[in-house]
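Okay, structure first, notes after.
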Amino acid sequence: MHKVIAAAIDSNILSASESFIDQCCAQNVEYARNYDEKIYDVRAPPSKHLAIVCCMDARLDVFRMLGLKPGEAHIIRNGGGRIRDAVRSLVCSQTLLQTKEVMIIHHTDCGFTYFSNNDQVIAALKLQPGTNVGNLPVFQTVPGQVSASDRPDFMPIEDLEQSVRDDMAEYKQYPMLNQNVTVRGFLYDTKTGLLKEIN
C-alpha cells in the first residue's frame, strides 16, 4: 500500500507549469522532419492479423520485445494488461480489422502487484486533488452483470501467472469476442527480457 500512497503524494508535487506534453510536441516537430508517410500506404488492418493485450507500463517496448514493425499488430494497452479493459478495442480489432490471433501479456514488477485490494486505491484517491471519491463508477466484476452492491474493481494482481490464466478464461466469457481464434497467454520477465508461455 505504501507504494500506492507514495505515488499519489509524488504526483501532487509536480508544478502545473512544467508540462512534459510541451516537450513531446517539440520532439514531434523533429520527428516530422524525417517522417515516412508510406506507412499509411498500408491498409488499416494489421498485416500479421495479430492483436496484443498488454500492460500500459511505460518501460515495455512491445514492438522491440516481439520483433514487430509498425503496421503489423494491434497493441491494446491498459493497467495490468487485463482482458476486461480491452474488450471494446478487441471486438473492433477482430470484427472490423481482421485480427485472428490474440496474445495476452502480463509482466513481472507490474505496478498492479503493488497493492492487494481496491481500498488501497481509494485511499490514494482521497489524497489526490481533483478527484471525487464520493461518486465512484461501478466497474463490472463479472462480464455483463452489475448490481447496486458492486464496488469499483481496480484488478490488483497477487499471482502473475494466475492473472494470465484468469484473463484467458475470462476471454471465453465475452460472446462478442471471437472464440474461434488463437488466444495465448504469456508472462514477460523484466529481468531477462524473455516471454514465458502460461497454460
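By convention here, the chains of the C-alpha cells are called A, B, ... in the order presented, each chain's residues are numbered starting at 1, and ligands are numbered starting at 1 in the order presented.
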- Pick out the residues sitting within 12 Å of A:Phe112, and hand them over as a VMD selection string; count only C-alpha atoms, and ignore anything fewer than 3 positions along from it in its own chain. chain A and resid 1 3 to 4 55 to 57 78 to 82 106 to 109 115 to 118 120 to 121 153 to 160 163
- Message: List as a list in words the protein and nucleic acid residues near stretch 46-50 of chain A, meaning an atom at most 7 Å away when only C-alpha atoms are counted, but skip any in the same chain fewer than 6 places from it.
- Response: Gly71, Glu72, Ala73, His74, Gln98, Thr99, Lys100, Glu101 and Val102 of chain A
Kindly export the residues of the current selection with N, CA and C atoms, as a CSV table (one decimal), in the first residue's frame.
```csv
chain,number,residue,atom,x,y,z
A,71,GLY,N,2.5,-1.3,-38.2
A,71,GLY,CA,1.6,-1.8,-39.2
A,71,GLY,C,1.3,-3.3,-39.1
A,72,GLU,N,2.1,-4.0,-38.2
A,72,GLU,CA,1.9,-5.5,-38.2
A,72,GLU,C,0.9,-6.0,-37.2
A,73,ALA,N,0.7,-5.3,-36.1
A,73,ALA,CA,-0.1,-5.8,-35.0
A,73,ALA,C,-0.8,-4.6,-34.3
A,74,HIS,N,-2.0,-5.0,-33.7
A,74,HIS,CA,-2.7,-4.0,-32.8
A,74,HIS,C,-2.1,-4.2,-31.4
A,98,GLN,N,-9.9,-7.6,-38.9
A,98,GLN,CA,-9.4,-8.9,-39.3
A,98,GLN,C,-8.3,-9.5,-38.5
A,99,THR,N,-8.2,-9.2,-37.2
A,99,THR,CA,-7.1,-9.9,-36.4
A,99,THR,C,-7.6,-11.3,-36.1
A,100,LYS,N,-6.7,-12.3,-36.1
A,100,LYS,CA,-7.1,-13.7,-36.0
A,100,LYS,C,-6.3,-14.4,-34.9
A,101,GLU,N,-5.4,-13.7,-34.2
A,101,GLU,CA,-4.7,-14.3,-33.1
A,101,GLU,C,-4.6,-13.2,-32.0
A,102,VAL,N,-4.6,-13.7,-30.7
A,102,VAL,CA,-4.5,-12.8,-29.6
A,102,VAL,C,-3.4,-13.2,-28.7
```
- Task: Check chain A with DSSP on the backbone and list each residue it calls alpha helix (DSSP H), as a VMD selection string.
- Result: chain A and resid 2 to 11 20 to 33 62 to 66 83 to 97 118 to 126 160 to 171
- Can you check which residues of chain A DSSP gives as strand (DSSP E) on the backbone and send them as a VMD selection string? chain A and resid 50 to 55 73 to 78 101 to 107 182 to 188 195 to 198
With the cut-off set at 12 Å and counting only C-alpha atoms, tabulate each residue of stretch 71-117 of chain A with an atom at most that distance from an atom of stretch 170-177 of chain A, showing the nearest atom pair and its distance in Å to one decimal, ordered by chain and increasing number, as JSON lines.
```
{"residue": "A:Arg82", "atom": "CA", "partner": "A:Glu170", "partner_atom": "CA", "distance": 9.6}
{"residue": "A:Ile83", "atom": "CA", "partner": "A:Tyr171", "partner_atom": "CA", "distance": 6.6}
{"residue": "A:Arg84", "atom": "CA", "partner": "A:Glu170", "partner_atom": "CA", "distance": 7.7}
{"residue": "A:Asp85", "atom": "CA", "partner": "A:Tyr171", "partner_atom": "CA", "distance": 11.1}
{"residue": "A:Ala86", "atom": "CA", "partner": "A:Tyr171", "partner_atom": "CA", "distance": 10.0}
{"residue": "A:Val87", "atom": "CA", "partner": "A:Leu177", "partner_atom": "CA", "distance": 7.5}
{"residue": "A:Arg88", "atom": "CA", "partner": "A:Leu177", "partner_atom": "CA", "distance": 9.3}
{"residue": "A:Ser89", "atom": "CA", "partner": "A:Leu177", "partner_atom": "CA", "distance": 10.2}
{"residue": "A:Leu90", "atom": "CA", "partner": "A:Leu177", "partner_atom": "CA", "distance": 7.3}
{"residue": "A:Val91", "atom": "CA", "partner": "A:Leu177", "partner_atom": "CA", "distance": 5.6}
{"residue": "A:Cys92", "atom": "CA", "partner": "A:Leu177", "partner_atom": "CA", "distance": 9.2}
{"residue": "A:Ser93", "atom": "CA", "partner": "A:Leu177", "partner_atom": "CA", "distance": 9.8}
{"residue": "A:Gln94", "atom": "CA", "partner": "A:Leu177", "partner_atom": "CA", "distance": 7.6}
{"residue": "A:Thr95", "atom": "CA", "partner": "A:Leu177", "partner_atom": "CA", "distance": 8.6}
{"residue": "A:Thr99", "atom": "CA", "partner": "A:Leu177", "partner_atom": "CA", "distance": 11.2}
{"residue": "A:Lys100", "atom": "CA", "partner": "A:Leu177", "partner_atom": "CA", "distance": 10.9}
{"residue": "A:Glu101", "atom": "CA", "partner": "A:Leu177", "partner_atom": "CA", "distance": 11.5}
{"residue": "A:Val102", "atom": "CA", "partner": "A:Tyr171", "partner_atom": "CA", "distance": 10.2}
{"residue": "A:Met103", "atom": "CA", "partner": "A:Tyr171", "partner_atom": "CA", "distance": 11.4}
{"residue": "A:Ile104", "atom": "CA", "partner": "A:Tyr171", "partner_atom": "CA", "distance": 10.0}
```
- Task: Tell me, in Å to one decimal, how far atom CA of A:Gly185 is from atom CA of A:Gly111.
- Result: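 So the answer is 18.9 Å.
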- At what distance in Å, to one decimal, does atom CA of A:Ile21 lie from atom CA of A:Ala58? 15.2 Å
- Task: Could you please determine the separation between atom CA of A:Arg64 and atom CA of A:Asp36 in Å, to one decimal place?
- Result: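 Computing the Euclidean distance for atom CA of A:Arg64 and atom CA of A:Asp36 yields 19.2 Å.
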- Can you work out which one of A:Lys126, A:Arg33, A:Arg165, A:Lys191 has the shortest atom-to-atom distance to A:Leu60, counting only C-alpha atoms? A:Lys191
- Task: Extract, using only C-alpha atoms, all DNA, RNA and protein residues at most 10 Å from A:Asn199, discarding same-chain residues fewer than 4 positions from it, and format them as a list in words.
- Result: Glu161, Gln162, Val164, Arg165, Met168, Arg184, Gly185 and Phe186 of chain A
Output file for the residues above (N, CA, C and O atoms, as a PDB file, in the first residue's frame):
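So the final result, stored in again.pdb, reads:
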```pdb
ATOM      1  N   GLU A 161       1.234 -15.356 -12.812  1.00  0.00           N
ATOM      2  CA  GLU A 161       0.879 -16.445 -13.725  1.00  0.00           C
ATOM      3  C   GLU A 161      -0.620 -16.726 -13.669  1.00  0.00           C
ATOM      4  O   GLU A 161      -1.251 -16.952 -14.704  1.00  0.00           O
ATOM      5  N   GLN A 162      -1.194 -16.677 -12.467  1.00  0.00           N
ATOM      6  CA  GLN A 162      -2.627 -16.921 -12.342  1.00  0.00           C
ATOM      7  C   GLN A 162      -3.430 -15.823 -13.001  1.00  0.00           C
ATOM      8  O   GLN A 162      -4.489 -16.069 -13.582  1.00  0.00           O
ATOM      9  N   VAL A 164      -2.704 -14.267 -15.702  1.00  0.00           N
ATOM     10  CA  VAL A 164      -2.738 -14.586 -17.132  1.00  0.00           C
ATOM     11  C   VAL A 164      -3.788 -15.668 -17.387  1.00  0.00           C
ATOM     12  O   VAL A 164      -4.602 -15.570 -18.314  1.00  0.00           O
ATOM     13  N   ARG A 165      -3.778 -16.705 -16.558  1.00  0.00           N
ATOM     14  CA  ARG A 165      -4.774 -17.775 -16.711  1.00  0.00           C
ATOM     15  C   ARG A 165      -6.197 -17.235 -16.540  1.00  0.00           C
ATOM     16  O   ARG A 165      -7.114 -17.599 -17.287  1.00  0.00           O
ATOM     17  N   MET A 168      -7.209 -15.400 -19.707  1.00  0.00           N
ATOM     18  CA  MET A 168      -7.529 -16.315 -20.811  1.00  0.00           C
ATOM     19  C   MET A 168      -8.900 -16.966 -20.591  1.00  0.00           C
ATOM     20  O   MET A 168      -9.674 -17.128 -21.527  1.00  0.00           O
ATOM     21  N   ARG A 184      -3.430 -16.918 -26.705  1.00  0.00           N
ATOM     22  CA  ARG A 184      -2.345 -17.467 -25.892  1.00  0.00           C
ATOM     23  C   ARG A 184      -1.887 -16.433 -24.876  1.00  0.00           C
ATOM     24  O   ARG A 184      -1.900 -15.242 -25.148  1.00  0.00           O
ATOM     25  N   GLY A 185      -1.479 -16.914 -23.699  1.00  0.00           N
ATOM     26  CA  GLY A 185      -1.077 -16.032 -22.612  1.00  0.00           C
ATOM     27  C   GLY A 185       0.396 -16.170 -22.279  1.00  0.00           C
ATOM     28  O   GLY A 185       0.967 -17.270 -22.346  1.00  0.00           O
ATOM     29  N   PHE A 186       1.004 -15.045 -21.868  1.00  0.00           N
ATOM     30  CA  PHE A 186       2.440 -15.015 -21.601  1.00  0.00           C
ATOM     31  C   PHE A 186       2.753 -14.143 -20.391  1.00  0.00           C
ATOM     32  O   PHE A 186       2.029 -13.190 -20.080  1.00  0.00           O
TER      33      PHE A 186
END
```
